[in-house]
Every structure is written in C-alpha cells, then in structure tokens.
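Colleague: Quick one: the structure is below, questions incoming.
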Amino acid sequence: MTNPAPREWHCFACGLRLGIAHGRQWHLRYKTAQFFVSGPVVAICHRCSTRNESPALPASDEASEAAA
C-alpha cells in the first residue's frame, strides 16, 4: 500500500506552494529556513505579498478515538 500524496497549501492569488501538511503540522520552508508549525497559520506569500490563512488540517486518529 502506498502513502497518499501529501496535502499542499498554495497561495490563493498566485499558486506558490506555501507548505505541506505532515500529520497535524504544516512544514513551511523558505530558502534555508524550515519550520514545523501546528494550529492556524498565516503566511505572506514571498512571490506576490498576498496574506494567506492555512486550511484546517483533519483531526488526528488519536483525537478521534479519544472523542468516541
């Protein structure tokens, strides 16, 4: 079984990739800086300067099981 393609976050104005979802975190990278962040994220596109809010990530399996 293969893993599904990672979920990507793109600038809604120009389409530049802003981040990739890894579980409940966003992996953001610009030049040599890399960040793993969780929760709502706001990023300014370095290509067109548009303010972008990250889409919500799905609840983790552990959180879903605890709620059941």
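Identifiers in the structure tokens: chain A, B, ... in order shown; residue index from 1 per chain; ligand index from 1 in order shown.
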For Arg29 of chain A, list every protein, DNA or RNA residue within 12 Å, evaluated using only C-alpha atoms, and leave out those in the same chain fewer than 2 positions away; present the list as a PyMOL selection string.
Modeller: chain A and resi 9+16-21+26-27+31-37+43+45-46
Colleague: Restrict the selected residues to N, CA and C atoms and save them as a PDB file, in the first residue's frame.
Modeller:
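And here's part-v1.pdb as it stands now:
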```pdb
ATOM      1  N   TRP A   9      -0.479  23.344   0.623  1.00  0.00           N
ATOM      2  CA  TRP A   9      -1.132  24.631   0.839  1.00  0.00           C
ATOM      3  C   TRP A   9      -0.506  25.606  -0.148  1.00  0.00           C
ATOM      4  N   LEU A  16       1.747  29.781  -5.563  1.00  0.00           N
ATOM      5  CA  LEU A  16       3.018  29.340  -4.996  1.00  0.00           C
ATOM      6  C   LEU A  16       2.764  28.411  -3.810  1.00  0.00           C
ATOM      7  N   ARG A  17       3.490  27.304  -3.737  1.00  0.00           N
ATOM      8  CA  ARG A  17       3.314  26.389  -2.606  1.00  0.00           C
ATOM      9  C   ARG A  17       3.876  27.034  -1.345  1.00  0.00           C
ATOM     10  N   LEU A  18       3.037  27.118  -0.311  1.00  0.00           N
ATOM     11  CA  LEU A  18       3.429  27.730   0.954  1.00  0.00           C
ATOM     12  C   LEU A  18       3.807  26.683   1.995  1.00  0.00           C
ATOM     13  N   GLY A  19       3.220  25.509   1.933  1.00  0.00           N
ATOM     14  CA  GLY A  19       3.517  24.486   2.921  1.00  0.00           C
ATOM     15  C   GLY A  19       2.966  23.137   2.527  1.00  0.00           C
ATOM     16  N   ILE A  20       3.418  22.111   3.277  1.00  0.00           N
ATOM     17  CA  ILE A  20       2.964  20.745   3.079  1.00  0.00           C
ATOM     18  C   ILE A  20       2.532  20.211   4.433  1.00  0.00           C
ATOM     19  N   ALA A  21       1.390  19.573   4.479  1.00  0.00           N
ATOM     20  CA  ALA A  21       0.881  19.001   5.726  1.00  0.00           C
ATOM     21  C   ALA A  21       1.593  17.696   6.028  1.00  0.00           C
ATOM     22  N   TRP A  26       2.083  21.796   9.744  1.00  0.00           N
ATOM     23  CA  TRP A  26       2.475  22.312   8.435  1.00  0.00           C
ATOM     24  C   TRP A  26       3.991  22.405   8.399  1.00  0.00           C
ATOM     25  N   HIS A  27       4.585  21.962   7.299  1.00  0.00           N
ATOM     26  CA  HIS A  27       6.013  22.119   7.068  1.00  0.00           C
ATOM     27  C   HIS A  27       6.157  23.307   6.126  1.00  0.00           C
ATOM     28  N   LYS A  31      13.893  29.361   1.457  1.00  0.00           N
ATOM     29  CA  LYS A  31      15.342  29.300   1.302  1.00  0.00           C
ATOM     30  C   LYS A  31      15.900  28.245   2.253  1.00  0.00           C
ATOM     31  N   THR A  32      16.730  28.605   3.221  1.00  0.00           N
ATOM     32  CA  THR A  32      17.318  27.601   4.112  1.00  0.00           C
ATOM     33  C   THR A  32      16.558  27.448   5.425  1.00  0.00           C
ATOM     34  N   ALA A  33      15.556  28.278   5.692  1.00  0.00           N
ATOM     35  CA  ALA A  33      14.782  28.193   6.936  1.00  0.00           C
ATOM     36  C   ALA A  33      13.630  27.204   6.763  1.00  0.00           C
ATOM     37  N   GLN A  34      13.442  26.345   7.763  1.00  0.00           N
ATOM     38  CA  GLN A  34      12.342  25.381   7.751  1.00  0.00           C
ATOM     39  C   GLN A  34      11.650  25.414   9.099  1.00  0.00           C
ATOM     40  N   PHE A  35      10.318  25.297   9.075  1.00  0.00           N
ATOM     41  CA  PHE A  35       9.525  25.348  10.294  1.00  0.00           C
ATOM     42  C   PHE A  35       8.457  24.272  10.241  1.00  0.00           C
ATOM     43  N   PHE A  36       8.179  23.650  11.381  1.00  0.00           N
ATOM     44  CA  PHE A  36       7.039  22.767  11.551  1.00  0.00           C
ATOM     45  C   PHE A  36       6.137  23.453  12.556  1.00  0.00           C
ATOM     46  N   VAL A  37       4.923  23.787  12.141  1.00  0.00           N
ATOM     47  CA  VAL A  37       4.002  24.527  12.998  1.00  0.00           C
ATOM     48  C   VAL A  37       2.650  23.830  13.029  1.00  0.00           C
ATOM     49  N   ALA A  43       0.471  33.181   6.506  1.00  0.00           N
ATOM     50  CA  ALA A  43       1.742  33.398   5.813  1.00  0.00           C
ATOM     51  C   ALA A  43       1.559  34.453   4.736  1.00  0.00           C
ATOM     52  N   CYS A  45       2.804  35.505   1.168  1.00  0.00           N
ATOM     53  CA  CYS A  45       3.463  34.910   0.001  1.00  0.00           C
ATOM     54  C   CYS A  45       4.672  35.756  -0.387  1.00  0.00           C
ATOM     55  N   HIS A  46       5.825  35.115  -0.531  1.00  0.00           N
ATOM     56  CA  HIS A  46       7.019  35.881  -0.893  1.00  0.00           C
ATOM     57  C   HIS A  46       7.084  36.206  -2.383  1.00  0.00           C
TER      58      HIS A  46
END
```
Colleague: Find the residues around Gly39 of chain A up to 10 Å (only C-alpha atoms counted), leave out those fewer than 5 positions away in its own chain, and share them as a list in words.
Modeller: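 The contact residues come out as Arg24, Gln25, Trp26, Ser54, Pro55, Ala56 and Leu57 of chain A.
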Colleague: Kindly export the residues of the current selection with C-alpha atoms, as a PDB file, in the first residue's frame.
Modeller:
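Listed below is the output, out_22.pdb:
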```pdb
ATOM      1  CA  ARG A  24      -1.243  17.723  12.317  1.00  0.00           C
ATOM      2  CA  GLN A  25       1.583  20.110  11.373  1.00  0.00           C
ATOM      3  CA  TRP A  26       2.475  22.312   8.435  1.00  0.00           C
ATOM      4  CA  SER A  54      -3.805  27.862   6.201  1.00  0.00           C
ATOM      5  CA  PRO A  55      -6.668  25.441   5.633  1.00  0.00           C
ATOM      6  CA  ALA A  56      -7.735  23.356   8.628  1.00  0.00           C
ATOM      7  CA  LEU A  57      -5.985  20.028   8.985  1.00  0.00           C
TER       8      LEU A  57
END
```
Colleague: Using atom CA of Ile44 of chain A and atom CA of Ala59 of chain A as the two end points, give the distance in Å to one decimal.
Modeller: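 Between these atoms lies a distance of 25.2 Å.
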Colleague: For the atom pair atom CA of Cys48 of chain A and atom CA of Cys11 of chain A, what is the interatomic distance in Å to one decimal place?
Modeller: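 Distance between the two atoms: 8.8 Å.
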